[in-house]
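Trainee: What follows is coords.txt, compact mmCIF, C-alpha atoms.
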```txt
# COMPACT_ATOMS: atom_id res chain seq x y z
CA MET Z 35 247.80 83.52 139.04
CA ALA Z 36 249.07 83.72 135.49
CA TYR Z 37 246.78 83.88 132.49
CA ASN Z 38 246.59 80.65 130.51
CA LYS Z 39 243.45 81.31 128.45
CA VAL Z 40 242.09 84.54 126.97
CA ILE Z 41 238.68 84.85 125.33
CA TYR Z 42 237.64 88.10 123.70
CA GLY Z 43 233.97 88.29 122.94
CA GLY Z 44 233.23 84.79 121.76
CA LYS Z 45 236.72 84.22 120.31
CA THR Z 46 239.50 82.33 122.08
CA LEU Z 47 242.63 84.35 121.48
CA MET Z 48 245.00 82.01 123.29
CA ASP Z 49 244.57 78.75 125.18
CA LEU Z 50 247.56 77.19 126.90
CA THR Z 51 245.52 74.77 128.99
CA GLY Z 52 246.22 71.86 126.66
CA ASP Z 53 250.00 72.27 126.77
CA THR Z 54 251.95 69.37 128.21
CA VAL Z 55 255.37 71.00 128.38
CA THR Z 56 257.04 70.88 131.78
CA SER Z 57 260.43 71.95 133.00
CA ASP Z 58 261.88 68.42 132.84
CA THR Z 59 260.62 67.80 129.29
CA LEU Z 60 262.22 71.01 128.01
CA LEU Z 61 265.94 71.26 127.25
CA SER Z 62 268.00 73.13 129.81
CA GLY Z 63 268.19 76.81 128.91
CA ALA Z 64 265.05 76.83 126.75
CA THR Z 65 261.94 78.74 127.93
CA ALA Z 66 258.22 78.25 127.42
CA HIS Z 67 254.87 78.78 129.13
CA ASN Z 68 253.25 75.79 130.74
CA MET Z 69 249.57 74.88 130.87
CA ALA Z 70 249.11 77.18 133.86
CA GLY Z 71 250.46 80.09 131.86
CA VAL Z 72 253.57 80.21 133.98
CA ALA Z 73 256.88 80.95 132.29
CA ILE Z 74 259.20 77.98 132.82
CA GLU Z 75 262.79 77.16 132.03
CA GLY Z 76 263.90 73.76 130.86
CA SER Z 77 265.88 71.43 133.10
CA CYS Z 78 266.35 68.48 130.77
CA THR Z 79 270.07 67.91 130.33
CA PHE Z 80 269.96 65.62 127.29
CA ASP Z 81 272.25 67.08 124.68
CA SER Z 82 272.27 64.38 122.06
CA ASP Z 83 270.33 61.48 120.71
CA THR Z 84 272.43 58.38 121.33
CA SER Z 85 269.90 55.92 119.97
CA ASP Z 86 272.12 55.06 116.97
CA ALA Z 87 275.43 54.95 118.85
CA THR Z 88 277.33 51.69 118.30
CA ALA Z 89 279.91 51.84 121.10
CA LYS Z 90 280.16 48.83 123.39
CA ALA Z 91 281.77 48.48 126.81
CA ALA Z 92 284.67 46.45 125.42
CA GLU Z 93 285.45 49.27 122.99
CA ILE Z 94 285.76 51.94 125.68
CA LEU Z 95 288.70 52.29 128.08
CA SER Z 96 288.18 50.71 131.47
CA GLY Z 97 286.56 53.18 133.85
CA VAL Z 98 285.65 55.65 131.11
CA THR Z 99 281.94 56.29 130.61
CA ALA Z 100 279.84 57.13 127.60
CA TYR Z 101 276.21 57.18 126.57
CA ALA Z 102 274.91 54.90 123.86
CA ARG Z 103 271.43 53.75 122.98
CA GLY Z 104 269.93 55.72 125.86
CA ALA Z 105 272.08 54.16 128.54
CA LYS Z 106 275.28 55.00 130.35
CA ILE Z 107 277.98 52.42 129.75
CA THR Z 108 281.32 51.99 131.51
CA GLY Z 109 284.27 50.83 129.46
CA THR Z 110 286.10 47.54 130.08
CA MET Z 111 288.97 47.81 127.60
CA PRO Z 112 292.31 47.31 129.40
CA ASN Z 113 294.67 50.26 129.19
CA ASN Z 114 298.08 48.71 128.50
CA GLY Z 115 299.86 52.02 128.19
CA SER Z 116 303.30 51.37 126.73
CA VAL Z 117 304.21 47.72 126.12
CA SER Z 118 307.75 46.91 125.00
CA GLU Z 119 309.52 43.57 124.59
CA THR Z 120 312.59 42.02 123.01
CA ILE Z 121 312.90 39.03 120.69
CA ASP Z 122 315.88 37.08 122.03
CA THR Z 123 315.87 33.93 119.94
CA LYS Z 124 315.32 33.06 116.33
CA THR Z 125 311.87 31.52 116.82
CA GLU Z 126 310.61 33.54 119.78
CA GLU Z 127 307.18 35.17 119.39
CA PHE Z 128 305.63 38.02 121.35
CA THR Z 129 301.87 38.06 121.69
CA ILE Z 130 300.58 41.63 121.80
CA PRO Z 131 298.09 41.88 124.70
CA GLN Z 132 294.50 42.79 123.93
CA GLY Z 133 293.45 46.34 124.74
CA TYR Z 134 294.61 49.92 124.30
CA HIS Z 135 298.22 50.83 123.56
CA ASP Z 136 299.44 54.40 123.67
CA GLY Z 137 301.64 54.00 120.60
CA SER Z 138 305.00 54.23 122.36
CA GLY Z 139 305.58 50.49 122.84
CA LYS Z 140 308.32 48.76 120.87
CA VAL Z 141 309.27 45.17 120.09
CA LYS Z 142 312.83 44.77 118.96
CA ILE Z 143 315.95 42.60 118.93
CA PRO Z 144 318.18 43.15 121.99
CA THR Z 145 320.96 45.65 121.43
CA THR Z 146 323.60 43.00 122.17
CA GLU Z 147 322.25 40.77 119.41
CA GLN Z 148 321.90 43.68 117.00
CA ALA Z 149 325.61 44.34 117.45
CA LYS Z 150 326.38 40.86 116.14
CA ILE Z 151 324.36 41.19 112.94
CA ILE Z 152 326.96 43.13 110.96
CA PRO Z 153 328.46 42.59 107.51
CA GLU Z 154 331.74 41.49 109.03
CA ASN Z 155 330.02 38.50 110.70
CA ILE Z 156 328.18 37.27 107.64
CA LYS Z 157 329.53 35.43 104.63
CA THR Z 158 329.59 37.15 101.29
CA GLY Z 159 326.34 36.56 99.42
CA ILE Z 160 324.31 35.97 102.58
CA SER Z 161 321.83 38.55 103.98
CA ILE Z 162 320.44 38.39 107.53
CA LEU Z 163 317.67 40.81 108.60
CA GLY Z 164 318.65 43.20 105.85
CA VAL Z 165 322.38 43.07 106.56
CA THR Z 166 324.50 41.69 103.69
CA GLY Z 167 327.67 39.83 104.55
CA THR Z 168 331.14 40.77 103.38
CA VAL Z 169 333.15 37.93 104.83
CA LYS Z 170 335.34 36.17 102.30
CA PRO Z 171 337.06 32.80 102.92
CA SER Z 172 339.90 33.26 105.40
CA SER Z 173 342.17 31.24 107.62
CA SER Z 174 339.23 30.38 109.75
CA VAL Z 175 337.61 28.74 106.76
CA THR Z 176 338.64 25.13 106.18
CA ALA Z 177 339.84 24.12 102.77
CA GLN Z 178 340.58 20.72 101.31
CA ALA Z 179 342.62 19.42 98.41
CA LYS Z 180 341.47 16.36 96.53
CA THR Z 181 342.85 14.06 93.87
CA VAL Z 182 340.58 12.29 91.48
CA THR Z 183 341.06 9.71 88.77
CA PRO Z 184 338.94 9.91 85.63
CA SER Z 185 336.58 7.05 84.91
CA THR Z 186 334.01 6.31 82.29
CA ALA Z 187 331.31 7.98 84.43
CA LYS Z 188 330.83 11.65 85.20
CA GLN Z 189 332.12 12.73 88.61
CA THR Z 190 331.24 15.72 90.80
CA ILE Z 191 334.04 16.66 93.15
CA LEU Z 192 332.87 18.20 96.44
CA PRO Z 193 334.58 19.06 99.72
CA ASP Z 194 333.99 16.63 102.55
CA THR Z 195 331.37 17.47 105.19
CA GLY Z 196 332.79 20.01 107.61
CA THR Z 197 335.06 21.52 104.99
CA ASP Z 198 334.19 24.88 103.43
CA TYR Z 199 335.74 24.57 99.98
CA LEU Z 200 338.19 22.78 97.75
CA SER Z 201 341.44 24.63 97.47
CA GLN Z 202 342.81 22.24 94.86
CA VAL Z 203 341.63 19.34 92.74
CA THR Z 204 344.32 17.19 91.15
CA VAL Z 205 343.13 15.10 88.24
CA ASN Z 206 345.32 12.12 87.58
CA ALA Z 207 346.10 11.03 84.12
CA ILE Z 208 343.58 8.79 82.51
CA PRO Z 209 344.52 5.26 83.52
CA TYR Z 210 346.07 3.41 80.58
CA VAL Z 211 347.29 -0.14 81.09
CA GLU Z 212 348.66 -2.56 78.53
CA THR Z 213 348.82 -6.24 79.40
CA ALA Z 214 349.67 -9.27 77.38
CA ASN Z 215 346.89 -11.70 76.97
CA SER Z 216 346.82 -15.43 76.45
CA ALA Z 217 346.00 -15.02 72.81
CA GLY Z 218 349.36 -13.58 72.19
CA GLY Z 219 348.20 -9.99 71.91
CA THR Z 220 347.95 -6.97 74.13
CA THR Z 221 344.96 -5.92 76.14
CA VAL Z 222 344.70 -2.18 76.62
CA THR Z 223 342.58 -1.02 79.53
CA ILE Z 224 341.61 2.67 79.61
CA ALA Z 225 340.06 4.24 82.69
CA GLY Z 226 339.40 0.78 83.95
CA MET U 140 240.74 89.54 111.14
CA ILE U 141 243.56 87.72 112.89
CA LYS U 142 245.49 85.54 110.40
CA MET U 143 248.69 84.85 112.36
CA ALA U 144 248.62 83.07 115.71
CA VAL U 145 248.30 85.19 118.82
CA ASN U 146 251.47 85.30 120.85
CA LYS U 147 250.90 88.36 123.02
CA ILE U 148 247.77 89.77 124.60
CA VAL U 149 247.71 93.22 126.14
CA TYR U 150 244.60 94.51 127.85
CA GLY U 151 244.82 98.25 128.31
CA THR U 152 248.33 98.62 129.59
CA LYS U 153 248.39 95.21 131.19
CA THR U 154 250.13 92.34 129.45
CA LEU U 155 248.05 89.24 130.04
CA ILE U 156 250.20 86.71 128.18
CA ASP U 157 253.47 87.24 126.32
CA LEU U 158 255.10 84.29 124.52
CA THR U 159 257.40 86.41 122.37
CA ALA U 160 260.51 85.71 124.42
CA ASP U 161 260.03 81.95 124.65
CA THR U 162 262.82 79.91 123.08
CA VAL U 163 261.11 76.54 122.91
CA ASP U 164 261.07 74.78 119.57
CA ALA U 165 260.37 71.22 118.51
CA THR U 166 263.99 70.11 118.86
CA LYS U 167 264.18 71.29 122.47
CA LEU U 168 261.03 69.57 123.62
CA LEU U 169 260.80 65.84 124.35
CA ALA U 170 258.80 63.88 121.81
CA GLY U 171 255.22 63.42 122.89
CA TYR U 172 254.95 66.82 124.59
CA SER U 173 253.44 70.02 123.27
CA ALA U 174 253.90 73.73 123.82
CA PHE U 175 253.32 77.11 122.18
CA ASN U 176 256.31 78.66 120.51
CA LYS U 177 257.12 82.38 120.45
CA LYS U 178 254.97 82.82 117.37
CA GLY U 179 251.98 81.48 119.27
CA GLU U 180 251.95 78.29 117.24
CA VAL U 181 251.37 74.90 118.84
CA ILE U 182 254.41 72.68 118.40
CA GLN U 183 255.08 69.02 119.10
CA GLY U 184 258.40 67.99 120.60
CA THR U 185 260.83 65.85 118.57
CA LEU U 186 263.70 65.51 121.04
CA LEU U 187 264.79 61.88 121.45
CA GLN U 188 261.95 60.69 119.26
CA ASN U 189 263.97 57.54 118.44
CA TYR U 190 264.14 56.53 122.09
CA PRO U 191 261.78 54.00 123.69
CA ALA U 192 258.48 55.36 125.02
CA GLN U 193 259.93 55.04 128.51
CA PHE U 194 263.57 55.24 129.48
CA THR U 195 265.65 56.05 132.51
CA VAL U 196 268.76 58.24 132.59
CA ASN U 197 270.66 59.22 135.72
CA GLY U 198 267.92 57.71 137.81
CA TYR U 199 265.15 59.76 136.22
CA THR U 200 262.48 57.96 134.25
CA TYR U 201 261.01 59.72 131.23
CA VAL U 202 257.64 58.57 129.99
CA ARG U 203 256.47 59.71 126.60
CA LYS U 204 252.87 60.89 126.57
```
Would you encode the structure as structure tokens?
Mentor:
Amino acid sequence: MAYNKVIYGGKTLMDLTGDTVTSDTLLSGATAHNMAGVAIEGSCTFDSDTSDATAKAAEILSGVTAYARGAKITGTMPNNGSVSETIDTKTEEFTIPQGYHDGSGKVKIPTTEQAKIIPENIKTGISILGVTGTVKPSSSVTAQAKTVTPSTAKQTILPDTGTDYLSQVTVNAIPYVETANSAGGTTVTIAG
Amino acid sequence: MIKMAVNKIVYGTKTLIDLTADTVDATKLLAGYSAFNKKGEVIQGTLLQNYPAQFTVNGYTYVRK
């Protein structure tokens, strides 16, 4: 048997009998002598104190395991991999699914629609999704000519609904009418 | 007079106890357990001292003394 207590004369030189260390309470790879004086090697595989870990199952990928707060937890976060979608209409929305994304997903306007959003399809002065138009009035644009007669009130001349612009506004002469009246004189009516 | 702890005892040519090669220290020993280190000093374990007095990992239940 191994020595676990040595007394020389009346003096105790070494006494291991009160030790409580055992193989499973000693970290793997560490060595000690137990209460029987036997050299032992640790078998405890704990390598970290996880008592202050904050990870939760929903924050770990589904199927992946980790240790937190002294317990093994298995993740439940969905792994969406690469998620890509297109926005096909003006008001369409895409809801990004909950979970992990690998960073390669893309949401974009379809290529066919992108090809339409060009300066040549947009009026001058108008910008759509960062593209500024260069289209000036052309034969496809409807014009209108109008004739107006001055009156005593201010007038704003506008093209009719469905017409793009006024190509010409003709302003008649101010109406001036002279008429004889019963009193023997002349009544002059201006812009009446 | 012995002032340092005894960590090795040799009687004649026979080594009775030799702790000098032990690698145990407080951080490698579970809290609640004791051992002698290589200097012959009694040490108290501090490993996982923030854990509950009893916990189970991988099906093994540890009970702090």
Trainee: Please report as a ChimeraX atom specification which residues of chain U come no farther than 7 Å from chain Z, using all atoms listed in the file.
Mentor: /U:145,155-156,161-163,167-169,172-174,187,189-190,196
Trainee: Save the residues we just selected, C-alpha atoms, as a compact mmCIF listing (two decimals), in the coordinates of the input?
Mentor:
```
# COMPACT_ATOMS: atom_id res chain seq x y z
CA VAL U 145 248.30 85.19 118.82
CA LEU U 155 248.05 89.24 130.04
CA ILE U 156 250.20 86.71 128.18
CA ASP U 161 260.03 81.95 124.65
CA THR U 162 262.82 79.91 123.08
CA VAL U 163 261.11 76.54 122.91
CA LYS U 167 264.18 71.29 122.47
CA LEU U 168 261.03 69.57 123.62
CA LEU U 169 260.80 65.84 124.35
CA TYR U 172 254.95 66.82 124.59
CA SER U 173 253.44 70.02 123.27
CA ALA U 174 253.90 73.73 123.82
CA LEU U 187 264.79 61.88 121.45
CA ASN U 189 263.97 57.54 118.44
CA TYR U 190 264.14 56.53 122.09
CA VAL U 196 268.76 58.24 132.59
```
Trainee: From the set Z:Ile191, Z:Ile94, Z:Ala217, Z:Ile41, which residue has the shortest atom-to-atom contact distance to Ile148 (chain U), counting all atoms listed in the file?
Mentor: Z:Ile41
Trainee: Could you tell me, as number ranges by chain, which residues have any atom at most 10 Å from (280.3, 56.4, 123.2), counting all atoms listed in the file?
Mentor: Z: 84, 87-91, 93-94, 98-103, 106-109
Trainee: Give me the residues within 10 Å of Lys178 (chain U) as a list of chain:residue names, counting only C-alpha atoms and dropping any in the same chain fewer than 2 places off.
Mentor: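 Neighbouring residues, sequence-local ones excluded: U:Met143, U:Ala144, U:Val145, U:Asn146, U:Lys147, U:Leu158, U:Thr159, U:Ala160, U:Asp161, U:Phe175, U:Asn176, U:Glu180, U:Val181.
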Trainee: As an exercise, work out the distance from CA of Thr181 (chain Z) to CA of Thr223 (chain Z) in Å and give it to one decimal place.
Mentor: 20.8 Å
Trainee: For the atom pair CA of Ile151 (chain Z) and CA of Glu126 (chain Z), what is the interatomic distance in Å to one decimal place?
Mentor: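 That distance, rounded to one decimal, is 17.2 Å.
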